[in-house]
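The structure appears right after this line, and notes come after that.
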Amino acid sequence: MLEDTSFAIHPDNEKKILESGFQDIGKFISLNKEESGVGISTDSGELKVLIYREDIVRFNINFFGETQQGNSPAIVSKPVNTVFTAVEEADVIRISTDALNIIINKSPIRINVLDRTGRSLVNESIKGMGFKKASKEVICFKEMDQADFFYGFGEKTGFLNKRGEKLFMWNSDVYAPHNPETDPLYQSVPYFMTLRDGYAHGLFFNNTFKSTFDMQTEETVYSFSAEGGNMDYFIMAGPSPKDVLEQYTYLTGRMPLPPKWAIGYHQSRYSYESETEVRELANSFLEKGIPLDVIYLDIHYMDEYRVFTFDKNRFPDPRKLVRDLKAMGIRIVPIVDPGVKEDPEYYVYQEGIMQDHFCKYIEGNIYFGDVWPGNSAFPDFTDSKVRDWWGSKHKFYSDLGIEGIWNDMNEPAVFNESKTMDVKVMHRNDGEPKTHRELHNLYGLYMGEATYSGMKDLLNGKRPFLLTRAGYSGVQRYAAVWTGDNRSFWEHLQMSLPMVMNLGLSGIPFSGPDVGGFAHDSNGELLARWTQVGAFTPYFRNHSALGFIRQEPWSFGEKYEKIIKKYIEIRYQWLPHLYNLFAEASRKGLPIMRPLFMEYPFNKNTYNLSDQFMIGDNVICAPILQPSQTHRSIYLPKGKWVNYWTGEILEGQKYHLIEAELDILPLFIKSGSFIVLGETKQSTNIPDAKLFLHYYFEVGVDSTFTLYDDDGNTFNYEEGEFLLQTFHAVCGSNQLRLDIEKSGNYKPDWTQIELIVHGANEDFSLIINGEEKELQNRNGEIHTFVL
């Protein structure tokens, strides 16, 4: 392919772009006020300006036909009845809400969006929006301030800040080594957040075609474009990074709470090839006392890679296997790919043919592609009846006691030169037929919807777990995401931090990499350091490929096994705190694993800090990311920070050189805040008898912490079956006043909360809800029970 050769840098290419036939949107013709906004007739079509909320506005124009208010499946919200004004003046149109001021110049049409303080969010001057008539490409240019930093864009390699990069949205199967120029990958999230001088706003490009975000070509202008469709985008006002994520996930939906077992430790390999091997693996974890909640079955469990089957020779009794492992506290999660083997004697293929469920060309012939089973047909997930059919097929798994599914190869991946389905394939799309060229990026999202909804219907009130490789904006409503076929390189460990942080900033909080690296040979030191990071990433799975060194926790000898076990145990101790953050993500769309700028947006030292991250708003992880290193520089923002291991207090707003031997993950808790931990246990199947509420005392710093809990298994929390306990701490010089409020009617398994106060004086006193408590001093820590 020419783009893979030196032709890609041919000097005539720039000239061709300049002569490519770009047409500007043109001038204003007339204004029409509508219920949720305005319609503006222009030289090139009708521009719809729709007010979704006082802080969210949508701009939509179809340069090639009538502009309609249709949505991609990413969008789950509609405009609400928002008060706005629209005034036409001689040269401009002014549209205002309580949060936004929109100024549209008439000749030519140029859009400037400001917040209520007059701060410019997005601005067009010399360049605006337009199209290329011959190719039907649509493009929009916005001014780029020198102070702009860009985040999000879903699953991307490289550093945290994406300024200076050109990013593509086209879901792709990428087994080749991931590096900073590997783009695109498996997920397409055409959304980003801009941070400028501490204030944030967001932009979502509501277009499913292959698209490009160019933050690189020009110093003062960025652009976003697509190979077809509407120029259709949303602006979110912020003004904080957290506000932007609330606004974006209001549009695209939020993660349902996963079952608690899904946030434990997962073990996988491509592949555990027999029932015997799986049982031996599970027994090894139990014998060694290493916690485990999930074992994955990769493609070798199937009968010649036919989905919804087991190989009877390798897995003679899957029902008993699932039952026996569940009694040990371990779930089985099997892989399910979209390709259905062409086999007239295979019942899934038969049903797909007879009921007309497979993707076809416009002429009516079925599209076949080569994947693991060989020649295969692909369900047309854009059709709701096909999604219902596919979801119902998962009864095969639910009847065996399986509660989680792993979707892979769902870009969809095909073993051909393009690596995917022919873009000429026509999808039925519930009566609005469109080509695969337009809907390719939605295939994984629709498969996720089919799978999650099907499992939810089949599990009788239990929460399903779904892991997906491919997706689009809104995939968080159905699935967790892992970052695909990484490598056992230190560079890939380094790269995983900004990847997961940017996924979280893109509304996908439940994500993580394959710990230890999928391909290539890992080693003990790398696996130990990666497991330390994995203990605090939202999704925690060790996964490796055939043909490479095994990397189960004990694979590199007793020295490394001890460290790896320690951090898997720490994961389970921290589960109550992590579950609190999962609940917050479900309510507000906020990530669990966060870049520091999310909590400290006015601190420029945090803007491209890619090798540290926060858990929630008060915990900083600064892992060792290079071999043979036992020291590293860390940056701590404003406040005082307590070394989790030593209790040493470090001042914020400065860099520190930290020592961390192989068994230490540098971890810091903000003084004046809480964390809540549980007990070490073999799996989430074992409930906590009590919780440990740690408070890091600081004079004059008042704080509030809310503990959330529910049964961790059903959707009863949606009906009010949950517990909220709020702790209000007021710190004097030698006294802590703690007021505790409780709401909700869920009764947890734990019956005690032990309060542990760090950093208090010897004459410290504790008053809880007006009553002074008796205290125990243990090695400088104050202990008492608050429940």
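In the structure tokens, each chain is lettered A, B, ... as it comes, each chain's residues begin at 1, and ligands are numbered from 1 in order of appearance.
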
Pull the strand (DSSP E) assignments for stretch 15-214 of chain A out of DSSP run on the backbone, and list those residues as a PDB file with C-alpha atoms, in the first residue's frame.
```
ATOM      1  CA  PHE A  22     -12.646  22.545   0.062  1.00  0.00           C
ATOM      2  CA  GLN A  23     -15.829  24.632   0.138  1.00  0.00           C
ATOM      3  CA  ASP A  24     -16.659  26.933   3.013  1.00  0.00           C
ATOM      4  CA  PHE A  28     -26.109  33.520   6.362  1.00  0.00           C
ATOM      5  CA  ILE A  29     -29.451  33.633   4.520  1.00  0.00           C
ATOM      6  CA  SER A  30     -32.189  33.482   7.157  1.00  0.00           C
ATOM      7  CA  LEU A  31     -33.004  32.547  10.762  1.00  0.00           C
ATOM      8  CA  ASN A  32     -35.766  30.259  12.017  1.00  0.00           C
ATOM      9  CA  LYS A  33     -36.409  29.892  15.764  1.00  0.00           C
ATOM     10  CA  GLU A  34     -37.330  26.386  16.925  1.00  0.00           C
ATOM     11  CA  GLY A  37     -32.739  26.101  19.263  1.00  0.00           C
ATOM     12  CA  VAL A  38     -32.536  27.754  15.888  1.00  0.00           C
ATOM     13  CA  GLY A  39     -32.195  26.825  12.254  1.00  0.00           C
ATOM     14  CA  ILE A  40     -29.867  29.002  10.181  1.00  0.00           C
ATOM     15  CA  SER A  41     -30.122  28.809   6.401  1.00  0.00           C
ATOM     16  CA  THR A  42     -26.707  29.203   4.764  1.00  0.00           C
ATOM     17  CA  GLY A  45     -27.491  24.068   3.861  1.00  0.00           C
ATOM     18  CA  GLU A  46     -29.360  24.514   7.125  1.00  0.00           C
ATOM     19  CA  LEU A  47     -27.245  24.777  10.268  1.00  0.00           C
ATOM     20  CA  LYS A  48     -29.137  23.558  13.333  1.00  0.00           C
ATOM     21  CA  VAL A  49     -28.070  25.035  16.685  1.00  0.00           C
ATOM     22  CA  LEU A  50     -29.709  22.930  19.397  1.00  0.00           C
ATOM     23  CA  ILE A  51     -29.569  23.645  23.119  1.00  0.00           C
ATOM     24  CA  TYR A  52     -29.336  20.286  24.900  1.00  0.00           C
ATOM     25  CA  ARG A  53     -28.858  21.820  28.325  1.00  0.00           C
ATOM     26  CA  ILE A  56     -24.365  21.836  26.203  1.00  0.00           C
ATOM     27  CA  VAL A  57     -24.937  23.036  22.645  1.00  0.00           C
ATOM     28  CA  ARG A  58     -25.030  21.078  19.398  1.00  0.00           C
ATOM     29  CA  PHE A  59     -24.155  22.312  15.881  1.00  0.00           C
ATOM     30  CA  ASN A  60     -25.356  20.155  13.000  1.00  0.00           C
ATOM     31  CA  ILE A  61     -25.382  20.645   9.232  1.00  0.00           C
ATOM     32  CA  THR A  85     -32.668  33.651  23.849  1.00  0.00           C
ATOM     33  CA  ALA A  86     -31.873  34.062  20.166  1.00  0.00           C
ATOM     34  CA  VAL A  87     -31.392  37.540  18.740  1.00  0.00           C
ATOM     35  CA  GLU A  88     -30.551  38.462  15.150  1.00  0.00           C
ATOM     36  CA  VAL A  92     -24.265  38.417  14.056  1.00  0.00           C
ATOM     37  CA  ILE A  93     -26.727  36.052  15.694  1.00  0.00           C
ATOM     38  CA  ARG A  94     -26.562  35.840  19.495  1.00  0.00           C
ATOM     39  CA  ILE A  95     -27.881  32.793  21.344  1.00  0.00           C
ATOM     40  CA  SER A  96     -27.653  32.713  25.127  1.00  0.00           C
ATOM     41  CA  LEU A 100     -23.347  29.809  27.316  1.00  0.00           C
ATOM     42  CA  ASN A 101     -23.120  32.730  24.930  1.00  0.00           C
ATOM     43  CA  ILE A 102     -23.030  31.723  21.258  1.00  0.00           C
ATOM     44  CA  ILE A 103     -22.067  34.354  18.712  1.00  0.00           C
ATOM     45  CA  ILE A 104     -22.435  33.430  15.028  1.00  0.00           C
ATOM     46  CA  ASN A 105     -21.009  35.828  12.473  1.00  0.00           C
ATOM     47  CA  LYS A 106     -23.103  36.005   9.313  1.00  0.00           C
ATOM     48  CA  ILE A 109     -20.676  31.876   9.008  1.00  0.00           C
ATOM     49  CA  ARG A 110     -18.200  31.680  11.909  1.00  0.00           C
ATOM     50  CA  ILE A 111     -19.026  30.343  15.355  1.00  0.00           C
ATOM     51  CA  ASN A 112     -17.719  31.539  18.699  1.00  0.00           C
ATOM     52  CA  VAL A 113     -18.902  29.865  21.906  1.00  0.00           C
ATOM     53  CA  LEU A 114     -18.215  31.556  25.232  1.00  0.00           C
ATOM     54  CA  ASP A 115     -19.125  30.632  28.771  1.00  0.00           C
ATOM     55  CA  SER A 120     -13.987  31.799  24.827  1.00  0.00           C
ATOM     56  CA  LEU A 121     -14.432  28.028  24.509  1.00  0.00           C
ATOM     57  CA  VAL A 122     -14.238  27.508  20.759  1.00  0.00           C
ATOM     58  CA  ASN A 123     -13.704  30.119  18.104  1.00  0.00           C
ATOM     59  CA  MET A 129     -16.597  24.542   8.766  1.00  0.00           C
ATOM     60  CA  GLY A 130     -16.946  23.246   5.240  1.00  0.00           C
ATOM     61  CA  PHE A 131     -16.827  20.236   2.941  1.00  0.00           C
ATOM     62  CA  LYS A 132     -15.329  18.681  -0.147  1.00  0.00           C
ATOM     63  CA  GLU A 137     -15.594  14.843   3.391  1.00  0.00           C
ATOM     64  CA  VAL A 138     -16.702  17.293   6.083  1.00  0.00           C
ATOM     65  CA  ILE A 139     -14.283  19.362   8.136  1.00  0.00           C
ATOM     66  CA  CYS A 140     -14.316  22.009  10.844  1.00  0.00           C
ATOM     67  CA  PHE A 141     -11.461  24.305  11.927  1.00  0.00           C
ATOM     68  CA  LYS A 142     -11.159  25.907  15.344  1.00  0.00           C
ATOM     69  CA  GLU A 143      -8.635  28.352  16.691  1.00  0.00           C
ATOM     70  CA  ASP A 148      -4.506  24.663  25.089  1.00  0.00           C
ATOM     71  CA  PHE A 149      -3.895  21.091  26.263  1.00  0.00           C
ATOM     72  CA  PHE A 150      -5.965  18.257  24.767  1.00  0.00           C
ATOM     73  CA  TYR A 151      -7.064  15.026  26.456  1.00  0.00           C
ATOM     74  CA  GLY A 152      -9.388  12.118  25.807  1.00  0.00           C
ATOM     75  CA  LYS A 166      -2.934  13.776  14.485  1.00  0.00           C
ATOM     76  CA  LEU A 167      -5.430  11.159  15.657  1.00  0.00           C
ATOM     77  CA  PHE A 168      -7.640   8.806  13.657  1.00  0.00           C
ATOM     78  CA  MET A 169     -10.929   7.093  14.515  1.00  0.00           C
ATOM     79  CA  GLN A 187     -11.662   1.960  20.073  1.00  0.00           C
ATOM     80  CA  SER A 188     -13.034   5.106  18.429  1.00  0.00           C
ATOM     81  CA  TYR A 191     -14.364  13.348  21.839  1.00  0.00           C
ATOM     82  CA  PHE A 192     -11.784  15.422  23.651  1.00  0.00           C
ATOM     83  CA  MET A 193     -11.406  17.844  26.503  1.00  0.00           C
ATOM     84  CA  THR A 194      -9.477  21.110  26.261  1.00  0.00           C
ATOM     85  CA  LEU A 195      -7.753  22.487  29.353  1.00  0.00           C
ATOM     86  CA  ARG A 196      -6.703  26.127  29.154  1.00  0.00           C
ATOM     87  CA  TYR A 199     -10.579  25.842  32.808  1.00  0.00           C
ATOM     88  CA  ALA A 200     -11.927  22.994  30.706  1.00  0.00           C
ATOM     89  CA  HIS A 201     -14.473  22.485  27.940  1.00  0.00           C
ATOM     90  CA  GLY A 202     -15.355  19.500  25.788  1.00  0.00           C
ATOM     91  CA  LEU A 203     -16.099  18.673  22.145  1.00  0.00           C
ATOM     92  CA  PHE A 204     -17.837  15.550  20.849  1.00  0.00           C
ATOM     93  CA  PHE A 205     -17.893  14.945  17.075  1.00  0.00           C
ATOM     94  CA  SER A 211     -12.528  10.654  11.236  1.00  0.00           C
ATOM     95  CA  THR A 212      -9.394  12.663  11.937  1.00  0.00           C
ATOM     96  CA  PHE A 213      -8.488  15.101  14.691  1.00  0.00           C
ATOM     97  CA  ASP A 214      -5.547  17.234  13.625  1.00  0.00           C
TER      98      ASP A 214
END
```

What's the 12 Å shell around A:Met499, counting only C-alpha atoms, without same-chain residues fewer than 2 positions away, as a VMD selection string?
-> chain A and resid 151 to 162 178 to 180 185 187 481 to 484 486 492 to 497 501 to 506 508 to 509 511 to 513 537 593 to 595 610 to 611 613

Do you have the atom CA of A:Asp380-atom CA of A:Phe234 distance handy?
-> 28.5 Å

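The environment of stretch 241-248 of chain A within 7 Å, counting only C-alpha atoms and disregarding residues fewer than 2 places along the same chain, consists of Ala200, His201, Gly202, Met236, Ala237, Gly238, Pro239, Tyr250, Leu251, Thr252, Leu505, Gly507, Lys588, Gly589, Leu590 and Met598 of chain A.
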
Show which residues sit within 12 Å of A:Met614, as an NGL selection string. Count only C-alpha atoms, and ignore same-chain residues fewer than 2 positions away.
-> :A and (497-498 or 500-501 or 504 or 533 or 536-538 or 578 or 581 or 591-600 or 606 or 609-612 or 616-623 or 635-637 or 666-670)

Non-local contacts of A:Leu321 (9 Å; only C-alpha atoms; under 5 positions in same chain excluded) as a ChimeraX atom specification | /A:275,278-279,315,326,332

May I have a table of the residues of stretch 46-79 of chain A lying at most 12 Å from stretch 425-432 of chain A, giving each one's closest pair of atoms and their distance in Å to one decimal, counting only C-alpha atoms, ordered by chain and ascending residue number, as JSON lines?
```
{"residue": "A:Gly70", "atom": "CA", "partner": "A:Glu432", "partner_atom": "CA", "distance": 11.3}
{"residue": "A:Ser72", "atom": "CA", "partner": "A:Asn429", "partner_atom": "CA", "distance": 11.0}
{"residue": "A:Pro73", "atom": "CA", "partner": "A:Asn429", "partner_atom": "CA", "distance": 10.9}
```

Within 9 Å of A:Gln532, counting only C-alpha atoms, which residues qualify if same-chain residues fewer than 4 places away don't, as a list of chain:residue names?
->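 The filter keeps A:Leu527, A:Ala528, A:Phe536, A:Ile563, A:Ile564, A:Lys566, A:Tyr567, A:Ile568, A:Pro623, A:Asp663, A:Ile664, A:Leu665.
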